[in-house]
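Each remark here refers to the structure printed beneath this line.
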Amino acid sequence: MFIIGELINGMYKNIGKAIKEKNKTVIQECALEQIKCGADALDVNCGPASGKPIDDIQWLVEIIQEVTDKPLALDSSKPQVIESGLKVAKFKAIINSTTADAEKLAILVPLAKKYNAKLIGLTISTKGIPQNKDQRVELAATIVATCSEQGFPVEDLYLDPIVLPVNVAQVQMKDILEAIREFKIISEPSPGTIVGLSNVSQGTRVRSLINRTFITMAIAHGLDAAIVDPLDRDLMDALITAELILNKQIYCDAYLDAYRRK
Amino acid sequence: MALELKEKWSGAINVVNIGATREEGGSRDKVIKVGGQTTLPFLFNEGANPYKPVVAWEIWDIEPPDWPEELTRAHKDVLADALSWADKCVREYKAELLCVRLMGAHPDFGNKTAEQEAKFIGQLLKKVDVPLIILGCGDDSKDNLILPACCEAAKGERCLLGDAVQDNYKTLTAAVSADGHNIIAESPIDINIAKQLNILISDMGLPLERIVINPTIGALGYGLEYAYSIMERVRLAALSGDKTVASPFVCFVGHEAWRAKEAKVKQAELLEWGPESERGPLWEMITAVALLQAGADILIMRHPKAIDKINKYIDNLMITK
């Protein structure tokens with residue numbers, strides 16, 4: 001499982017403040033802590049309060065790269081902010097994200113190609129959030145087709161089925177999980193699959209439990225990557241164990257520690 | 001054009017250095033390097049197989065009381081004197097690596113003291129200049145006395161010592177760590193224990209790069225395929241990125257092959273099986289052949305004829321063009 005740590009996001013108070021004050025220690029500590037807990041990559045989002053996201057993302061990328069060579073997921077809805085981050089990213093970056101809209105794909109797929117980055121494709125469009133599995137698969141196919149046409153390697157694409165809060169869209173949960181499995185058979189080689197996990201428990205009272213139960217089920221449906229809070233130890237334990245049960249890791253009594261020292 | 005299938009792996013097997021030269025603080029003539037593979041054995045088109053598998057000649061510090069006649073005949077003039085035995089392996093047979101089993105320390109086979117064994121190791125290091133593998137006698141409490149003493153006697157020579165097992169690894173790990181040696185981690189044909197033991201040993205501060213796995217094998221006809229599949233699975237996991245099992249393998253081929261009835265029974269008892277002078281070495285050699293394909297890096301072997309054949313076979317396998 002490819003874990004992207006979600007904590008470097010300006011919407012969190014401490015991070016928002018650190019970005020504003022250009023306090024690099026807070027950001028770097030947050031980066032290292034997530035990696036220590038098992039993150040393979042780090043999401044980087046300037047947050048809504050950032051007045052100058054084009055500059056801020058460059059500052060974030062540069063100071064994080066001072067302490068780690070893990071890939072960074074440049075998280076913004078604005079392509080110019082993403083490109084600004086890509087310009088200073090030293091290692092293979094991840095674009096987070098494009099939608100299935102033609103105009104978005106027309107900008108972001110070439111950008112990913114140009115900078116040899118991975119790309120997260122959300123199965124969502126201006127028509128709104130998909131309401132069932134078939135709509136998700138249809139949007140996914142649009143994204144895959146565009147990537148193929150433009151010569152972007154599908155192995156570097158992660159499709160996100162859009163996880164909705166369980167207390168809002170309970171009837172869709174099964175469709176979301178099944179969409180993950182169907183994404184994998186859209187093309188050969190298969191695209192990767194990813195979820196932004198925390199949304200599933202938005203507004204509920206037992207967030208961590210819902211998060212880890214959902215991700216366990218998603219892994220069983222073929223999930224390859226997730227954007228999560230790696231500091232949630234119970235979540236990480238569940239995730240590691242789910243992979244163990246799927247024979248992706250060799251069991252030993254210390255398998256949880258073994259995974260974390262990978 | 002035919003479709004060429006190539007696997008790409010993310011992991012690599014650790015390189016373990018056995019022996020230290022004078023420049024490195026030891027007194028060996030050269031260093032034996034094992035491991036370093038980035039693909040399955042001998043698939044040179046897919047990745048690196050940088051070091052050739054190596055045979056370590058097995059010698060004992062006492063005359064082995066229970067070796068089959070064909071085996072004792074092969075070493076008859078030196079069997080009773082370990083130093084001459086070692087010398088003959090190196091000079092006459094051009095052994096690159098020796099594996100000495102300190103069976104004489106076993107309570108049932110002479111009960112030699114730690115001081116005696118340490119002194120013997122000191123003499124052996126003077127007698128030959130190839131790197132050494134040093135094994136205990138198999139009695140845990142005795143090994144915990146003799147092996148640390150031998151570690152100290154061979155300090156700086158970067159030997160390979162064994163075996164550490166899940167229930168008895170701490171004393172040897174501490175000694176190996178302190179005196180700059182490498183360790184053999186033994187598991188009973190069990191991939192889960194192999195992984196666990198590597199973690200336990202590295203948790204004590206000995207780097208994974210100084211561990212060689214003894215996966216325990218069976219000889220041809222005695223569970224060889226079971227050992228093969230365990231080794232293959234360990235290697236696939238390591239190549240897929242699991243660093244905790246990315247260790248080279250050592251296989252006790254001679255020990256297992258010469259326990260087989262097919263290797264040791266005399267022609268007089270089973271006429272149609274042919275002469276044991278051919279059959280025994282062949283049994284040892286064929287067992288080694290299969291293990292090489294499973295990923296064996298060090299083969300501990302006994303019969304000169306089997307070793308001669310397997311060395312030629314390895315040389316052929318290592319031809320890349």
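A note on labels: chains of the structure tokens are A, B, ... as shown, every chain counts residues from 1, and ligands are counted from 1 in their shown order.
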
task = Considering only C-alpha atoms, return as a PyMOL selection string whatever protein or nucleic-acid residues lie within 9 Å of stretch 18-35 of chain B, sequence-local ones (same chain, fewer than 6 positions apart) excluded.
result = chain B and resi 12+49-54+96-97+125-126+128-133+154-160+181-182+246-249+297-298

task = Pull out every residue of chain A that has at least one atom within 7 Å of chain B, counting only C-alpha atoms, and report them as a list in words.
result = Ile250, Tyr251, Cys252, Asp253, Ala254, Ala258 and Lys262 of chain A

Writer output for current selection, C-alpha atoms, as a CSV table (one decimal), in the first residue's frame:
chain,number,residue,atom,x,y,z
A,250,ILE,CA,5.3,-12.3,4.9
A,251,TYR,CA,3.9,-12.9,8.3
A,252,CYS,CA,6.2,-12.9,11.3
A,253,ASP,CA,5.4,-12.1,15.0
A,254,ALA,CA,6.8,-8.6,14.5
A,258,ALA,CA,8.7,-5.0,10.1
A,262,LYS,CA,10.5,-0.9,5.3

message = According to DSSP computed on the backbone, where in stretch 19-258 of chain A is there helix (DSSP H, G or I)? Give the residues as JSON, numbers by chain.
response = {"A": [19, 20, 21, 24, 25, 26, 27, 28, 29, 30, 31, 32, 33, 34, 35, 36, 53, 54, 55, 56, 57, 58, 59, 60, 61, 62, 63, 64, 65, 79, 80, 81, 82, 83, 84, 85, 86, 87, 88, 102, 103, 104, 105, 106, 107, 108, 109, 110, 111, 112, 113, 114, 133, 134, 135, 136, 137, 138, 139, 140, 141, 142, 143, 144, 145, 146, 147, 148, 149, 154, 155, 156, 170, 171, 172, 173, 174, 175, 176, 177, 178, 179, 180, 181, 182, 183, 197, 198, 199, 200, 201, 207, 208, 209, 210, 211, 212, 213, 214, 215, 216, 217, 218, 219, 220, 233, 234, 235, 236, 237, 238, 239, 240, 241, 242, 243, 244, 245, 255, 256, 257, 258]}

inquiry  = Which of stretch 1-246 of chain A end up as strand (DSSP E) when DSSP is run on this backbone - answer as number ranges by chain?
reply    = A: 2-5, 41-44, 72-75, 94-98, 118-122, 157-160, 192-196, 225-228

Residues of the last selection are to be written out with C-alpha atoms, as a PDB file, in the first residue's frame.
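Here's the written file result05.pdb:
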ATOM      1  CA  PHE A   2       1.259   3.401  -1.000  1.00  0.00           C
ATOM      2  CA  ILE A   3       0.533   5.761   1.906  1.00  0.00           C
ATOM      3  CA  ILE A   4       0.309   9.488   1.331  1.00  0.00           C
ATOM      4  CA  GLY A   5       0.334  11.454   4.597  1.00  0.00           C
ATOM      5  CA  ALA A  41       4.726  10.192   0.258  1.00  0.00           C
ATOM      6  CA  LEU A  42       3.416  13.473   1.640  1.00  0.00           C
ATOM      7  CA  ASP A  43       0.477  15.538   0.504  1.00  0.00           C
ATOM      8  CA  VAL A  44       1.222  19.267   0.326  1.00  0.00           C
ATOM      9  CA  LEU A  72       5.286  14.909  -2.666  1.00  0.00           C
ATOM     10  CA  ALA A  73       1.649  15.066  -3.726  1.00  0.00           C
ATOM     11  CA  LEU A  74       0.980  18.628  -4.863  1.00  0.00           C
ATOM     12  CA  ASP A  75      -2.561  19.244  -3.783  1.00  0.00           C
ATOM     13  CA  ILE A  94       2.209  13.334  -7.667  1.00  0.00           C
ATOM     14  CA  ILE A  95      -0.378  15.715  -9.044  1.00  0.00           C
ATOM     15  CA  ASN A  96      -3.395  15.850  -6.744  1.00  0.00           C
ATOM     16  CA  SER A  97      -5.578  16.071  -8.775  1.00  0.00           C
ATOM     17  CA  THR A  98      -7.484  16.272 -12.029  1.00  0.00           C
ATOM     18  CA  LYS A 118       2.136  10.675 -11.224  1.00  0.00           C
ATOM     19  CA  LEU A 119      -1.446  11.848 -11.551  1.00  0.00           C
ATOM     20  CA  ILE A 120      -4.499  11.382  -9.344  1.00  0.00           C
ATOM     21  CA  GLY A 121      -7.744  11.375 -11.332  1.00  0.00           C
ATOM     22  CA  LEU A 122     -10.972  12.047  -9.453  1.00  0.00           C
ATOM     23  CA  LEU A 157      -2.333   7.170 -12.875  1.00  0.00           C
ATOM     24  CA  TYR A 158      -4.307   6.751  -9.646  1.00  0.00           C
ATOM     25  CA  LEU A 159      -8.087   6.731  -9.924  1.00  0.00           C
ATOM     26  CA  ASP A 160     -10.104   7.994  -6.982  1.00  0.00           C
ATOM     27  CA  GLY A 192      -3.690   2.465  -9.694  1.00  0.00           C
ATOM     28  CA  THR A 193      -6.517   3.163  -7.276  1.00  0.00           C
ATOM     29  CA  ILE A 194      -6.548   5.653  -4.445  1.00  0.00           C
ATOM     30  CA  VAL A 195      -8.918   7.122  -1.874  1.00  0.00           C
ATOM     31  CA  GLY A 196      -8.860  10.243   0.219  1.00  0.00           C
ATOM     32  CA  ALA A 225      -2.891   3.851  -2.362  1.00  0.00           C
ATOM     33  CA  ALA A 226      -4.565   6.093   0.199  1.00  0.00           C
ATOM     34  CA  ILE A 227      -4.293   9.596   1.517  1.00  0.00           C
ATOM     35  CA  VAL A 228      -4.525   9.164   5.271  1.00  0.00           C
TER      36      VAL A 228
END
